[in-house]
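Peer 1: Sharing a structure below in structure tokens format, with a few things to ask.
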Amino acid sequence: MKEYAVAKLRNIVKSDKPRPDNEHLWAAVAVIYNPCLNAILIGKRTENPSDPWSGDAAFPGGRFNPRKDRDLVETAIREAREEVGLDLIDEAELLGVLEPFSPSNAPSINVVPVIFSLKNCSPQLTINKIELSKVLWLNINDVIKYVRLNMSIKGALRPAIVIDDTTIWGMTYRILRRLLRDAFGIELPRDPRENN
């Protein structure tokens, strides 16, 4: 079963390692799949008044740094190491990438989801509390029971996944929606701002 799920993820990704151009802002997120739990790692960003995504649910990730990263896969690997203490080079298999997404409040940023499958099903996570207040494993089989329609978030009604004090919405929701639909046949409600 584990190999089947990983194969389904592998079927929806591209194998290239995208390199940013000089015309756009670029970032990458690490979408980390745990095949033993059939779950994806989600973090909750630490509250910070200077962060436009303060308190939001997110995958480990951040901006491309040309001094540190040769490509966006390296950005995702570096950010996962910094935010949750995972060395994805040793502890995971790179499955590939999805096409870029953009946050609705920063449409000039191209964010590339980089998909990984863990080799070790019980990884030791070290959460960087400056970046993330907590992490959780979102079980794919349970996602539907956490979906809420018409949540009022930042002045607009939109679908979201709500688990305790963590609300997954916006770009993170749209990435999850694409991944769950195309790899696992799970259809989440469409975000009205979605164009993917």
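By order in the structure tokens, chains are A, B, ...; within a chain, residues start at 1; ligands start at 1, following the order shown.
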Please identify which residues in stretch 79-193 of chain A DSSP calls alpha helix (DSSP H) from the backbone, and express them as a list in words.

Peer 2: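 Selecting the alpha helix (DSSP H) positions of stretch 79-193 of chain A gives Glu79, Ala80, Arg81, Glu82, Glu83, Val84, Leu88, Ile89, Asp90, Glu91, Gly170, Met171, Thr172, Tyr173, Arg174, Ile175, Leu176, Arg177, Arg178, Leu179, Leu180, Arg181, Asp182, Ala183 and Phe184 of chain A.
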
Peer 1: Do a neighbour search on stretch 183-186 of chain A at 10 Å with only C-alpha atoms, toss out local chain neighbours closer than 6 positions, and write the hits as number ranges by chain.

Peer 2: A: 5-13, 140-141, 143-144, 177

Peer 1: From the set A:Lys68, A:Leu180, A:Pro189, A:Pro113, which residue has the shortest atom-to-atom contact distance to A:Asn38, counting only C-alpha atoms?

Peer 2: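 Among the listed residues, the smallest separation from A:Asn38 belongs to A:Leu180.
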
Peer 1: What is the distance between atom CA of A:Ala106 and atom CA of A:Ser54, in Å to one decimal?

Peer 2: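 If I compute the distance from atom CA of A:Ala106 to atom CA of A:Ser54, I get 14.2 Å.
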
Peer 1: Which residues are close to stretch 154-167 of chain A, i.e. within 12 Å by only C-alpha atoms, leaving aside same-chain residues fewer than 5 positions away? Reply as a PyMOL selection string.

Peer 2: chain A and resi 42-46+52-58+104-105+132-140+142-149+172-174+176-177+188-194

Peer 1: Looking at A:Val112, A:Ala80, A:Ile175, A:Ile168, which one is nearest to A:Asn128, with distances taken over only C-alpha atoms?

Peer 2: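 Closest residue, counting only C-alpha atoms: A:Ala80.
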
Peer 1: Could you pull out the strand (DSSP E or B) residues of stretch 14-45 of chain A from DSSP and send them as a list in words?

Peer 2: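 Residues of stretch 14-45 of chain A classed as strand (DSSP E or B): Lys14, Leu25, Trp26, Ala27, Ala28, Val29, Ala30, Val31, Ile32, Tyr33, Asn34, Ala39, Ile40, Leu41, Ile42, Gly43, Lys44 and Arg45 of chain A.
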
Peer 1: Go through A:Glu83, A:Lys14, A:Cys36, A:Glu99 and flag the residue nearest A:Leu125, using only C-alpha atoms for the distances.

Peer 2: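 Smallest distance to A:Leu125 is found for A:Glu83.
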
Peer 1: Find the residue from A:Met171, A:Leu179, A:Val29, A:Ile115 that sits nearest to A:Gly62; use only C-alpha atoms when measuring.

Peer 2: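 Under the stated criterion, the closest residue is A:Val29.
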
Peer 1: How far is it from atom CA of A:Leu94 to atom CA of A:Ala39, in Å with one decimal?

Peer 2: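 Atom CA of A:Ala39 lies at a distance of 16.1 Å from atom CA of A:Leu94.
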